[in-house]
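Student: Structure file final-v1.cif, mmCIF, C-alpha atoms, is pasted below:
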data_structure
#
loop_
_atom_site.group_PDB
_atom_site.id
_atom_site.type_symbol
_atom_site.label_atom_id
_atom_site.label_comp_id
_atom_site.auth_asym_id
_atom_site.auth_seq_id
_atom_site.Cartn_x
_atom_site.Cartn_y
_atom_site.Cartn_z
ATOM 1 C CA MET G 150 -21.920 25.468 8.292
ATOM 2 C CA PRO G 151 -19.857 27.334 5.653
ATOM 3 C CA ARG G 152 -16.793 25.809 4.044
ATOM 4 C CA PHE G 153 -13.777 26.541 6.219
ATOM 5 C CA ASP G 154 -10.963 24.448 4.749
ATOM 6 C CA LEU G 155 -9.070 24.342 1.474
ATOM 7 C CA SER G 156 -10.893 24.215 -1.860
ATOM 8 C CA LEU G 157 -11.410 20.794 -3.411
ATOM 9 C CA PRO G 158 -8.652 21.296 -6.041
ATOM 10 C CA GLU G 159 -6.282 22.341 -3.235
ATOM 11 C CA LEU G 160 -7.324 19.353 -1.122
ATOM 12 C CA ARG G 161 -6.535 16.949 -3.950
ATOM 13 C CA GLU G 162 -2.970 18.298 -4.005
ATOM 14 C CA TYR G 163 -2.523 18.650 -0.244
ATOM 15 C CA ARG G 164 0.562 16.704 0.844
ATOM 16 C CA PRO G 165 1.838 18.232 4.073
ATOM 17 C CA GLN G 166 4.945 17.251 5.940
ATOM 18 C CA VAL G 167 3.640 15.202 8.865
ATOM 19 C CA ALA G 168 5.987 14.403 11.739
ATOM 20 C CA GLU G 169 7.186 10.804 11.575
ATOM 21 C CA PRO G 170 9.564 9.459 14.242
ATOM 22 C CA ALA G 171 12.649 7.660 13.018
ATOM 23 C CA ASP G 172 11.782 4.572 15.049
ATOM 24 C CA PHE G 173 8.111 4.439 13.961
ATOM 25 C CA ASP G 174 8.406 1.024 12.308
ATOM 26 C CA ASP G 175 10.510 -0.460 15.096
ATOM 27 C CA PHE G 176 8.065 0.859 17.692
ATOM 28 C CA TRP G 177 5.104 -0.856 16.064
ATOM 29 C CA ARG G 178 7.005 -4.006 15.157
ATOM 30 C CA SER G 179 7.979 -4.550 18.783
ATOM 31 C CA THR G 180 4.516 -3.587 20.045
ATOM 32 C CA LEU G 181 2.825 -6.213 17.878
ATOM 33 C CA ALA G 182 5.477 -8.828 18.612
ATOM 34 C CA GLU G 183 4.878 -8.426 22.355
ATOM 35 C CA SER G 184 1.135 -8.978 21.993
ATOM 36 C CA ARG G 185 1.493 -11.808 19.488
ATOM 37 C CA ARG G 186 3.325 -13.833 22.136
ATOM 38 C CA PHE G 187 -0.104 -14.543 23.551
ATOM 39 C CA PRO G 188 -2.312 -17.191 21.877
ATOM 40 C CA THR G 189 -4.291 -15.950 18.872
ATOM 41 C CA GLU G 190 -7.243 -18.328 19.058
ATOM 42 C CA PRO G 191 -10.482 -16.530 19.903
ATOM 43 C CA ARG G 192 -13.179 -17.930 22.168
ATOM 44 C CA LEU G 193 -16.570 -18.216 20.464
ATOM 45 C CA THR G 194 -19.890 -18.509 22.297
ATOM 46 C CA ARG G 195 -23.102 -18.952 20.289
ATOM 47 C CA GLN G 196 -25.786 -16.475 21.367
ATOM 48 C CA GLU G 197 -29.527 -16.924 21.486
ATOM 49 C CA SER G 198 -31.051 -14.595 18.901
ATOM 50 C CA SER G 199 -34.230 -13.760 17.013
ATOM 51 C CA LEU G 200 -32.122 -13.264 13.892
ATOM 52 C CA THR G 201 -33.118 -16.425 12.062
ATOM 53 C CA GLN G 202 -30.939 -15.726 9.016
ATOM 54 C CA VAL G 203 -27.812 -14.839 10.991
ATOM 55 C CA GLU G 204 -25.633 -16.843 13.363
ATOM 56 C CA VAL G 205 -24.563 -14.690 16.313
ATOM 57 C CA TYR G 206 -21.432 -15.322 18.379
ATOM 58 C CA ASP G 207 -19.821 -13.463 21.218
ATOM 59 C CA LEU G 208 -16.139 -13.541 20.289
ATOM 60 C CA VAL G 209 -13.362 -12.815 22.764
ATOM 61 C CA PHE G 210 -9.805 -12.513 21.475
ATOM 62 C CA PRO G 211 -6.495 -11.539 23.098
ATOM 63 C CA GLY G 212 -5.661 -7.920 22.274
ATOM 64 C CA PHE G 213 -2.887 -5.703 23.567
ATOM 65 C CA GLY G 214 -0.881 -7.535 26.219
ATOM 66 C CA GLY G 215 -3.161 -10.543 25.822
ATOM 67 C CA GLN G 216 -6.023 -8.582 27.422
ATOM 68 C CA PRO G 217 -9.484 -9.863 26.433
ATOM 69 C CA VAL G 218 -11.381 -7.858 23.826
ATOM 70 C CA HIS G 219 -15.009 -8.563 22.953
ATOM 71 C CA ALA G 220 -16.495 -8.532 19.465
ATOM 72 C CA TRP G 221 -19.631 -9.631 17.702
ATOM 73 C CA TYR G 222 -18.983 -12.286 15.106
ATOM 74 C CA LEU G 223 -21.879 -12.727 12.686
ATOM 75 C CA LEU G 224 -22.285 -15.269 9.882
ATOM 76 C CA PRO G 225 -24.976 -15.809 7.248
ATOM 77 C CA ALA G 226 -26.946 -18.763 8.611
ATOM 78 C CA GLY G 227 -26.212 -22.129 7.042
ATOM 79 C CA THR G 228 -23.108 -21.125 5.122
ATOM 80 C CA SER G 229 -20.107 -23.430 4.966
ATOM 81 C CA GLY G 230 -17.479 -20.977 3.689
ATOM 82 C CA PRO G 231 -14.809 -20.014 3.218
ATOM 83 C CA LEU G 232 -16.340 -16.525 3.202
ATOM 84 C CA PRO G 233 -14.803 -13.128 2.608
ATOM 85 C CA ALA G 234 -14.677 -11.280 5.914
ATOM 86 C CA ILE G 235 -14.851 -7.722 7.119
ATOM 87 C CA VAL G 236 -13.689 -6.297 10.451
ATOM 88 C CA GLU G 237 -15.378 -3.073 11.571
ATOM 89 C CA TYR G 238 -14.087 -0.572 14.135
ATOM 90 C CA ASN G 239 -16.325 1.854 16.057
ATOM 91 C CA GLY G 240 -16.704 5.598 16.189
ATOM 92 C CA TYR G 241 -15.509 7.536 19.226
ATOM 93 C CA GLY G 242 -17.324 6.739 22.448
ATOM 94 C CA GLY G 243 -19.374 3.853 21.082
ATOM 95 C CA GLY G 244 -19.231 0.135 21.815
ATOM 96 C CA ARG G 245 -20.094 -2.900 19.777
ATOM 97 C CA GLY G 246 -23.772 -2.417 20.663
ATOM 98 C CA LEU G 247 -26.263 -5.193 19.902
ATOM 99 C CA PRO G 248 -26.098 -7.774 17.095
ATOM 100 C CA HIS G 249 -29.265 -6.645 15.318
ATOM 101 C CA GLU G 250 -27.676 -3.206 14.868
ATOM 102 C CA ARG G 251 -24.869 -4.768 12.800
ATOM 103 C CA LEU G 252 -26.596 -6.584 9.953
ATOM 104 C CA ALA G 253 -25.547 -4.797 6.757
ATOM 105 C CA TRP G 254 -22.309 -6.640 5.977
ATOM 106 C CA VAL G 255 -23.410 -10.095 7.129
ATOM 107 C CA THR G 256 -26.604 -9.921 5.056
ATOM 108 C CA ALA G 257 -24.416 -8.965 2.092
ATOM 109 C CA GLY G 258 -22.694 -12.347 2.445
ATOM 110 C CA TYR G 259 -19.649 -11.579 4.576
ATOM 111 C CA ALA G 260 -18.344 -13.057 7.775
ATOM 112 C CA TYR G 261 -18.442 -9.985 9.977
ATOM 113 C CA LEU G 262 -16.570 -9.010 13.129
ATOM 114 C CA CYS G 263 -17.419 -5.817 15.025
ATOM 115 C CA MET G 264 -14.668 -5.037 17.536
ATOM 116 C CA ASP G 265 -15.503 -3.429 20.852
ATOM 117 C CA THR G 266 -13.252 -0.436 21.567
ATOM 118 C CA ARG G 267 -11.632 -0.916 24.959
ATOM 119 C CA GLY G 268 -12.897 1.439 27.639
ATOM 120 C CA GLN G 269 -15.547 2.969 25.349
ATOM 121 C CA GLY G 270 -19.229 2.276 24.836
ATOM 122 C CA SER G 271 -20.917 4.746 27.190
ATOM 123 C CA VAL G 272 -21.379 7.896 25.076
ATOM 124 C CA TRP G 273 -23.797 6.751 22.343
ATOM 125 C CA GLY G 274 -25.325 3.551 20.984
ATOM 126 C CA SER G 275 -26.157 0.421 22.974
ATOM 127 C CA GLY G 276 -23.006 -0.049 25.034
ATOM 128 C CA GLY G 277 -19.752 -1.957 25.095
ATOM 129 C CA ASP G 278 -18.238 -4.753 27.150
ATOM 130 C CA THR G 279 -14.442 -4.366 27.056
ATOM 131 C CA PRO G 280 -12.546 -2.563 29.854
ATOM 132 C CA ASP G 281 -9.192 -0.857 29.465
ATOM 133 C CA PRO G 282 -7.275 -2.058 32.537
ATOM 134 C CA ASN G 283 -4.220 0.148 31.910
ATOM 135 C CA GLY G 284 -3.695 3.224 34.066
ATOM 136 C CA THR G 285 -2.470 6.613 32.803
ATOM 137 C CA GLY G 286 -1.079 9.863 34.105
ATOM 138 C CA PRO G 287 -2.967 13.177 34.180
ATOM 139 C CA SER G 288 -5.398 13.494 31.292
ATOM 140 C CA VAL G 289 -8.449 15.365 30.060
ATOM 141 C CA PRO G 290 -11.765 13.449 30.243
ATOM 142 C CA GLY G 291 -11.999 11.323 27.111
ATOM 143 C CA PHE G 292 -9.373 9.151 25.449
ATOM 144 C CA MET G 293 -7.120 11.458 23.431
ATOM 145 C CA THR G 294 -4.718 12.367 26.229
ATOM 146 C CA ARG G 295 -4.638 9.082 28.140
ATOM 147 C CA GLY G 296 -0.960 8.237 28.400
ATOM 148 C CA ILE G 297 0.017 11.270 26.322
ATOM 149 C CA GLU G 298 3.380 11.614 28.075
ATOM 150 C CA ARG G 299 4.893 8.635 26.222
ATOM 151 C CA PRO G 300 3.894 6.734 23.072
ATOM 152 C CA GLU G 301 4.419 3.468 24.990
ATOM 153 C CA ASP G 302 1.626 4.459 27.379
ATOM 154 C CA HIS G 303 -0.881 6.024 25.018
ATOM 155 C CA TYR G 304 -4.399 4.653 24.838
ATOM 156 C CA TYR G 305 -4.347 4.271 21.049
ATOM 157 C CA ARG G 306 -1.261 2.089 21.151
ATOM 158 C CA ARG G 307 -3.491 -0.442 22.856
ATOM 159 C CA VAL G 308 -6.477 0.136 20.550
ATOM 160 C CA TYR G 309 -4.441 -0.159 17.342
ATOM 161 C CA THR G 310 -2.888 -3.361 18.645
ATOM 162 C CA ASP G 311 -6.368 -4.701 19.411
ATOM 163 C CA ALA G 312 -7.357 -3.859 15.830
ATOM 164 C CA VAL G 313 -4.531 -5.914 14.340
ATOM 165 C CA ARG G 314 -5.187 -8.781 16.720
ATOM 166 C CA ALA G 315 -8.843 -8.781 15.631
ATOM 167 C CA ILE G 316 -7.611 -9.429 12.079
ATOM 168 C CA ASP G 317 -5.319 -12.173 13.365
ATOM 169 C CA ALA G 318 -8.273 -13.719 15.206
ATOM 170 C CA ILE G 319 -10.790 -13.731 12.358
ATOM 171 C CA ARG G 320 -8.227 -15.371 10.080
ATOM 172 C CA THR G 321 -8.162 -18.417 12.360
ATOM 173 C CA LEU G 322 -11.900 -19.135 12.029
ATOM 174 C CA ASP G 323 -13.101 -22.105 9.996
ATOM 175 C CA ARG G 324 -15.568 -20.354 7.718
ATOM 176 C CA VAL G 325 -13.325 -17.385 6.881
ATOM 177 C CA ASP G 326 -11.035 -17.100 3.880
ATOM 178 C CA PRO G 327 -7.912 -15.574 5.507
ATOM 179 C CA ALA G 328 -6.793 -14.143 2.161
ATOM 180 C CA ARG G 329 -10.019 -12.115 1.771
ATOM 181 C CA VAL G 330 -10.252 -9.938 4.875
ATOM 182 C CA ALA G 331 -11.119 -6.227 4.669
ATOM 183 C CA VAL G 332 -11.365 -3.551 7.366
ATOM 184 C CA CYS G 333 -13.747 -0.626 7.712
ATOM 185 C CA GLY G 334 -14.947 2.026 10.102
ATOM 186 C CA GLY G 335 -16.224 5.584 10.368
ATOM 187 C CA SER G 336 -14.596 8.507 12.169
ATOM 188 C CA GLN G 337 -12.519 6.939 14.966
ATOM 189 C CA GLY G 338 -13.213 3.604 13.285
ATOM 190 C CA GLY G 339 -11.815 4.979 10.040
ATOM 191 C CA GLY G 340 -8.633 6.070 11.788
ATOM 192 C CA ILE G 341 -8.303 2.652 13.399
ATOM 193 C CA ALA G 342 -8.869 1.005 10.007
ATOM 194 C CA LEU G 343 -5.999 3.066 8.564
ATOM 195 C CA ALA G 344 -3.747 2.004 11.427
ATOM 196 C CA ALA G 345 -4.705 -1.634 10.873
ATOM 197 C CA ALA G 346 -4.051 -1.255 7.140
ATOM 198 C CA GLY G 347 -0.559 0.052 7.825
ATOM 199 C CA LEU G 348 0.242 -2.667 10.346
ATOM 200 C CA ALA G 349 -1.452 -5.852 9.073
ATOM 201 C CA ASP G 350 -0.308 -7.721 5.985
ATOM 202 C CA GLY G 351 -2.484 -9.128 3.228
ATOM 203 C CA LEU G 352 -5.728 -7.183 3.584
ATOM 204 C CA VAL G 353 -7.955 -7.281 0.519
ATOM 205 C CA GLY G 354 -9.519 -3.851 1.092
ATOM 206 C CA VAL G 355 -9.669 -0.840 3.426
ATOM 207 C CA LEU G 356 -12.733 1.382 3.890
ATOM 208 C CA PRO G 357 -11.918 4.452 6.043
ATOM 209 C CA GLU G 358 -15.020 6.642 6.269
ATOM 210 C CA VAL G 359 -14.504 10.312 7.328
ATOM 211 C CA PRO G 360 -11.408 9.111 9.239
ATOM 212 C CA PHE G 361 -10.381 10.650 12.551
ATOM 213 C CA LEU G 362 -6.853 10.506 14.064
ATOM 214 C CA CYS G 363 -5.115 12.012 11.023
ATOM 215 C CA HIS G 364 -2.690 14.972 10.811
ATOM 216 C CA PHE G 365 -2.971 15.879 14.485
ATOM 217 C CA GLU G 366 -1.029 19.132 14.343
ATOM 218 C CA ARG G 367 -3.390 20.633 11.767
ATOM 219 C CA ALA G 368 -6.582 19.234 13.298
ATOM 220 C CA VAL G 369 -5.802 20.429 16.810
ATOM 221 C CA GLY G 370 -5.336 23.986 15.590
ATOM 222 C CA MET G 371 -8.244 24.046 13.133
ATOM 223 C CA THR G 372 -11.387 22.592 14.709
ATOM 224 C CA GLU G 373 -13.288 23.649 17.822
ATOM 225 C CA GLU G 374 -14.946 20.230 18.056
ATOM 226 C CA ASP G 375 -14.187 17.276 20.284
ATOM 227 C CA PRO G 376 -12.379 14.934 20.361
ATOM 228 C CA TYR G 377 -9.466 17.040 19.034
ATOM 229 C CA GLN G 378 -10.377 19.759 21.548
ATOM 230 C CA GLU G 379 -9.426 17.354 24.343
ATOM 231 C CA ILE G 380 -5.811 17.918 23.257
ATOM 232 C CA VAL G 381 -6.316 21.694 23.222
ATOM 233 C CA ARG G 382 -7.726 21.610 26.764
ATOM 234 C CA TYR G 383 -4.809 19.476 27.927
ATOM 235 C CA LEU G 384 -2.240 21.845 26.421
ATOM 236 C CA SER G 385 -4.030 24.885 27.825
ATOM 237 C CA VAL G 386 -3.160 23.526 31.273
ATOM 238 C CA HIS G 387 0.121 21.715 30.500
ATOM 239 C CA ARG G 388 1.590 24.767 28.785
ATOM 240 C CA ASP G 389 5.089 23.376 28.289
ATOM 241 C CA ALA G 390 4.026 19.943 27.002
ATOM 242 C CA ALA G 391 3.308 20.683 23.323
ATOM 243 C CA GLU G 392 6.520 19.205 21.921
ATOM 244 C CA ARG G 393 6.191 16.049 24.005
ATOM 245 C CA THR G 394 2.482 15.735 23.189
ATOM 246 C CA PHE G 395 2.883 15.964 19.425
ATOM 247 C CA ARG G 396 5.842 13.608 19.529
ATOM 248 C CA THR G 397 3.613 10.974 21.138
ATOM 249 C CA LEU G 398 0.838 11.637 18.628
ATOM 250 C CA SER G 399 3.253 11.219 15.705
ATOM 251 C CA TYR G 400 3.396 7.487 16.521
ATOM 252 C CA LEU G 401 -0.406 7.333 16.187
ATOM 253 C CA ASP G 402 -1.049 9.523 13.141
ATOM 254 C CA GLY G 403 -3.180 7.970 10.415
ATOM 255 C CA VAL G 404 -1.126 9.737 7.748
ATOM 256 C CA ASN G 405 1.931 7.697 8.706
ATOM 257 C CA PHE G 406 -0.049 4.447 8.675
ATOM 258 C CA ALA G 407 -1.640 5.348 5.325
ATOM 259 C CA ALA G 408 1.796 5.717 3.766
ATOM 260 C CA ARG G 409 2.574 2.108 4.745
ATOM 261 C CA ALA G 410 -0.721 0.571 3.611
ATOM 262 C CA THR G 411 -0.881 -1.266 0.291
ATOM 263 C CA ALA G 412 -4.379 -2.800 0.057
ATOM 264 C CA PRO G 413 -6.905 -1.060 -2.218
ATOM 265 C CA ALA G 414 -8.822 1.623 -0.313
ATOM 266 C CA LEU G 415 -12.025 3.621 -0.580
ATOM 267 C CA PHE G 416 -12.086 6.763 1.585
ATOM 268 C CA SER G 417 -14.867 9.244 2.169
ATOM 269 C CA VAL G 418 -14.896 12.895 3.259
ATOM 270 C CA GLY G 419 -17.487 15.566 4.030
ATOM 271 C CA LEU G 420 -16.325 18.982 2.878
ATOM 272 C CA LEU G 421 -18.268 20.690 5.692
ATOM 273 C CA ASP G 422 -16.977 18.308 8.383
ATOM 274 C CA PRO G 423 -16.000 20.289 11.526
ATOM 275 C CA VAL G 424 -14.975 17.154 13.472
ATOM 276 C CA CYS G 425 -12.468 15.687 11.000
ATOM 277 C CA PRO G 426 -11.522 18.638 8.768
ATOM 278 C CA PRO G 427 -11.310 17.707 5.088
ATOM 279 C CA SER G 428 -7.613 18.578 4.811
ATOM 280 C CA THR G 429 -6.784 16.035 7.537
ATOM 281 C CA VAL G 430 -8.595 13.323 5.577
ATOM 282 C CA PHE G 431 -6.904 14.296 2.321
ATOM 283 C CA ALA G 432 -3.525 14.362 4.080
ATOM 284 C CA ALA G 433 -3.967 10.625 4.691
ATOM 285 C CA PHE G 434 -5.608 9.876 1.344
ATOM 286 C CA ASN G 435 -2.886 11.635 -0.653
ATOM 287 C CA ARG G 436 -0.154 9.717 1.187
ATOM 288 C CA TYR G 437 -1.863 6.337 0.880
ATOM 289 C CA GLY G 438 0.577 3.659 -0.281
ATOM 290 C CA GLY G 439 -1.810 1.570 -2.396
ATOM 291 C CA ASP G 440 -4.514 2.205 -4.979
ATOM 292 C CA ALA G 441 -7.060 4.520 -3.384
ATOM 293 C CA GLU G 442 -10.285 6.300 -4.289
ATOM 294 C CA ILE G 443 -12.219 8.902 -2.318
ATOM 295 C CA GLU G 444 -15.927 9.717 -2.297
ATOM 296 C CA VAL G 445 -16.436 13.445 -1.707
ATOM 297 C CA TYR G 446 -19.661 14.713 -0.128
ATOM 298 C CA PRO G 447 -19.571 18.482 -0.746
ATOM 299 C CA PHE G 448 -22.569 19.427 1.406
ATOM 300 C CA ASN G 449 -22.170 17.012 4.305
ATOM 301 C CA GLN G 450 -20.556 17.318 7.682
ATOM 302 C CA HIS G 451 -19.280 14.435 9.812
ATOM 303 C CA GLU G 452 -22.114 12.151 8.727
ATOM 304 C CA GLY G 453 -20.447 11.992 5.313
ATOM 305 C CA GLY G 454 -22.418 9.843 2.909
ATOM 306 C CA GLY G 455 -24.352 7.913 5.563
ATOM 307 C CA GLY G 456 -26.356 4.979 4.201
ATOM 308 C CA HIS G 457 -25.718 6.118 0.637
ATOM 309 C CA HIS G 458 -22.008 5.634 1.194
ATOM 310 C CA TRP G 459 -22.467 2.084 2.501
ATOM 311 C CA MET G 460 -24.049 1.151 -0.838
ATOM 312 C CA ARG G 461 -20.968 2.533 -2.597
ATOM 313 C CA GLN G 462 -18.675 0.676 -0.200
ATOM 314 C CA ALA G 463 -20.460 -2.627 -0.789
ATOM 315 C CA ALA G 464 -20.347 -2.228 -4.572
ATOM 316 C CA TRP G 465 -16.662 -1.208 -4.459
ATOM 317 C CA LEU G 466 -15.641 -4.122 -2.247
ATOM 318 C CA GLY G 467 -17.573 -6.517 -4.474
ATOM 319 C CA ARG G 468 -15.568 -5.300 -7.457
ATOM 320 C CA VAL G 469 -12.288 -5.645 -5.557
ATOM 321 C CA LEU G 470 -13.102 -9.225 -4.571
ATOM 322 C CA ALA G 471 -14.051 -10.089 -8.143
ATOM 323 C CA ARG G 472 -10.635 -9.116 -9.514
#
Before anything else, please render the file you have as structure tokens.
Tutor:
Amino acid sequence: MPRFDLSLPELREYRPQVAEPADFDDFWRSTLAESRRFPTEPRLTRQESSLTQVEVYDLVFPGFGGQPVHAWYLLPAGTSGPLPAIVEYNGYGGGRGLPHERLAWVTAGYAYLCMDTRGQGSVWGSGGDTPDPNGTGPSVPGFMTRGIERPEDHYYRRVYTDAVRAIDAIRTLDRVDPARVAVCGGSQGGGIALAAAGLADGLVGVLPEVPFLCHFERAVGMTEEDPYQEIVRYLSVHRDAAERTFRTLSYLDGVNFAARATAPALFSVGLLDPVCPPSTVFAAFNRYGGDAEIEVYPFNQHEGGGGHHWMRQAAWLGRVLAR
């Protein structure tokens, strides 16, 4: 598709005013405190596997409200640790899938946790295992408008809390160095990684790839693609709900989390991306609170750099850990 957003020089200078509620920090502080009242210790169950060089565990940890969240926890076989660790979050609609689909980071020498996204796992990939037991009011099919009436009820309040609790959980494990934990993810997973980076202390690195969930007000008016179009469809019916809707979304915006993050970060963006428009990615990148780099893929859409970008991520994270 043709370029439809700002030019690259304009993107590098793009620093929009993004709505930020006055009680943003208090909201998230109390949200995490409520869920941290539940025990942190995950439950590990060794899984039978044909992966002879990888130890495979089903990991269940208490997420939002203490609700159980599944993850794959993979370790290089025979290692004693402590290992650097990486927590990965999924793209929209996908689940944690199967262990053999998740080998890149563990075979690079990391303890690896892939978090299931509650209620998702039935759109692409090999499935998920974590329900979302919380009810919502009227919403468009999908996840963007679940609980949109109030930030306390929104679906992503629960998901972002799960993401932080996944970091809490992996730091308790024997073969993990709790001071060397990074987070990563693509699209929705990149947006979740930004939220985790703004909420969790002491991360060693953040790898948001073509991140979703950033600069909602611009994205909703710019792209014709889902998932942002779920919000458009909702507002086309709930014609008087725009102010309330964007107020809720301001508590969930990756730009506001990016401004609070301090760990080194490597972003990526596709300049032809119709799903996560480049200006929404740069809005978060340009507000990022720590040292940050961005890989720009001028001729790519939402796939970004694909496998080529993973090689750059692995080399970058290796350099960060060596400092």
Student: Here is a test: counting only C-alpha atoms, which residue of G:Asp375, G:Pro231, G:Gly338, G:Pro282 is nearest to Asp265 in chain G?
Tutor: G:Gly338
Student: Expanded to explicit residues, what is the PyMOL selection byres ((chain G and resi 170) around 8) for this file, as an mmCIF file with C-alpha atoms, in the coordinates of the input?
Tutor:
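New file out_23.cif:
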data_model
loop_
_atom_site.group_PDB
_atom_site.id
_atom_site.type_symbol
_atom_site.label_atom_id
_atom_site.label_comp_id
_atom_site.auth_asym_id
_atom_site.auth_seq_id
_atom_site.Cartn_x
_atom_site.Cartn_y
_atom_site.Cartn_z
ATOM 1 C CA ALA G 168 5.987 14.403 11.739
ATOM 2 C CA GLU G 169 7.186 10.804 11.575
ATOM 3 C CA ALA G 171 12.649 7.660 13.018
ATOM 4 C CA ASP G 172 11.782 4.572 15.049
ATOM 5 C CA PHE G 173 8.111 4.439 13.961
ATOM 6 C CA ARG G 396 5.842 13.608 19.529
ATOM 7 C CA SER G 399 3.253 11.219 15.705
ATOM 8 C CA TYR G 400 3.396 7.487 16.521
#
Student: Taking all atoms of range 270-284 of chain G that the file lists, what box with edges along x, y and z, padded by 3 Å per side, do you get, with centre and edge lengths in Å to one decimal, as lines of an AutoDock Vina configuration file?
Tutor:
center_x = -14.9
center_y = 1.6
center_z = 27.5
size_x = 28.5
size_y = 18.6
size_z = 19.1
Student: In Å, with one decimal, what is the gap from CA of Gly244 in chain G to CA of Gly276 in chain G?
Tutor: 5.0 Å
Student: Using only C-alpha atoms, can you tell me which of G:Gly242, G:Pro376, G:Pro248, G:Gly438 comes closest to Tyr206 in chain G?
Tutor: G:Pro248
Student: Would you please take range 234-248 of chain G of the structure in the block above and write N, CA, C and O atoms to a file as an mmCIF file, in the first residue's frame?
Tutor:
data_model
loop_
_atom_site.group_PDB
_atom_site.id
_atom_site.type_symbol
_atom_site.label_atom_id
_atom_site.label_comp_id
_atom_site.auth_asym_id
_atom_site.auth_seq_id
_atom_site.Cartn_x
_atom_site.Cartn_y
_atom_site.Cartn_z
ATOM 1 N N ALA G 234 16.435 -13.682 31.653
ATOM 2 C CA ALA G 234 15.102 -14.171 31.300
ATOM 3 C C ALA G 234 14.396 -13.167 30.417
ATOM 4 O O ALA G 234 14.653 -11.955 30.476
ATOM 5 N N ILE G 235 13.479 -13.685 29.608
ATOM 6 C CA ILE G 235 12.657 -12.820 28.783
ATOM 7 C C ILE G 235 11.211 -13.281 28.858
ATOM 8 O O ILE G 235 10.926 -14.488 28.825
ATOM 9 N N VAL G 236 10.316 -12.315 29.023
ATOM 10 C CA VAL G 236 8.871 -12.563 29.067
ATOM 11 C C VAL G 236 8.280 -12.027 27.774
ATOM 12 O O VAL G 236 8.494 -10.856 27.426
ATOM 13 N N GLU G 237 7.542 -12.876 27.055
ATOM 14 C CA GLU G 237 6.949 -12.457 25.782
ATOM 15 C C GLU G 237 5.436 -12.425 25.891
ATOM 16 O O GLU G 237 4.814 -13.309 26.475
ATOM 17 N N TYR G 238 4.846 -11.378 25.276
ATOM 18 C CA TYR G 238 3.400 -11.194 25.234
ATOM 19 C C TYR G 238 2.928 -11.343 23.786
ATOM 20 O O TYR G 238 3.629 -10.984 22.842
ATOM 21 N N ASN G 239 1.696 -11.845 23.613
ATOM 22 C CA ASN G 239 1.189 -12.258 22.307
ATOM 23 C C ASN G 239 0.521 -11.144 21.519
ATOM 24 O O ASN G 239 -0.003 -10.185 22.082
ATOM 25 N N GLY G 240 0.469 -11.354 20.205
ATOM 26 C CA GLY G 240 -0.325 -10.509 19.335
ATOM 27 C C GLY G 240 -1.810 -10.762 19.510
ATOM 28 O O GLY G 240 -2.243 -11.781 20.069
ATOM 29 N N TYR G 241 -2.609 -9.846 19.004
ATOM 30 C CA TYR G 241 -4.057 -9.822 19.217
ATOM 31 C C TYR G 241 -4.724 -11.084 18.680
ATOM 32 O O TYR G 241 -4.559 -11.451 17.516
ATOM 33 N N GLY G 242 -5.478 -11.735 19.539
ATOM 34 C CA GLY G 242 -6.249 -12.905 19.150
ATOM 35 C C GLY G 242 -5.535 -14.220 19.325
ATOM 36 O O GLY G 242 -6.157 -15.276 19.243
ATOM 37 N N GLY G 243 -4.228 -14.191 19.555
ATOM 38 C CA GLY G 243 -3.462 -15.424 19.683
ATOM 39 C C GLY G 243 -3.282 -15.853 21.120
ATOM 40 O O GLY G 243 -3.398 -15.057 22.053
ATOM 41 N N GLY G 244 -3.005 -17.149 21.310
ATOM 42 C CA GLY G 244 -2.683 -17.685 22.625
ATOM 43 C C GLY G 244 -1.225 -18.078 22.697
ATOM 44 O O GLY G 244 -0.434 -17.799 21.790
ATOM 45 N N ARG G 245 -0.889 -18.771 23.768
ATOM 46 C CA ARG G 245 0.517 -19.153 23.936
ATOM 47 C C ARG G 245 0.940 -20.239 22.950
ATOM 48 O O ARG G 245 2.128 -20.471 22.747
ATOM 49 N N GLY G 246 -0.028 -20.905 22.312
ATOM 50 C CA GLY G 246 0.299 -21.908 21.307
ATOM 51 C C GLY G 246 0.943 -23.144 21.899
ATOM 52 O O GLY G 246 0.581 -23.591 22.989
ATOM 53 N N LEU G 247 1.919 -23.699 21.183
ATOM 54 C CA LEU G 247 2.593 -24.935 21.571
ATOM 55 C C LEU G 247 4.075 -24.652 21.831
ATOM 56 O O LEU G 247 4.663 -23.765 21.207
ATOM 57 N N PRO G 248 4.702 -25.410 22.720
ATOM 58 C CA PRO G 248 6.089 -25.090 23.097
ATOM 59 C C PRO G 248 7.069 -25.063 21.927
ATOM 60 O O PRO G 248 7.959 -24.203 21.893
#
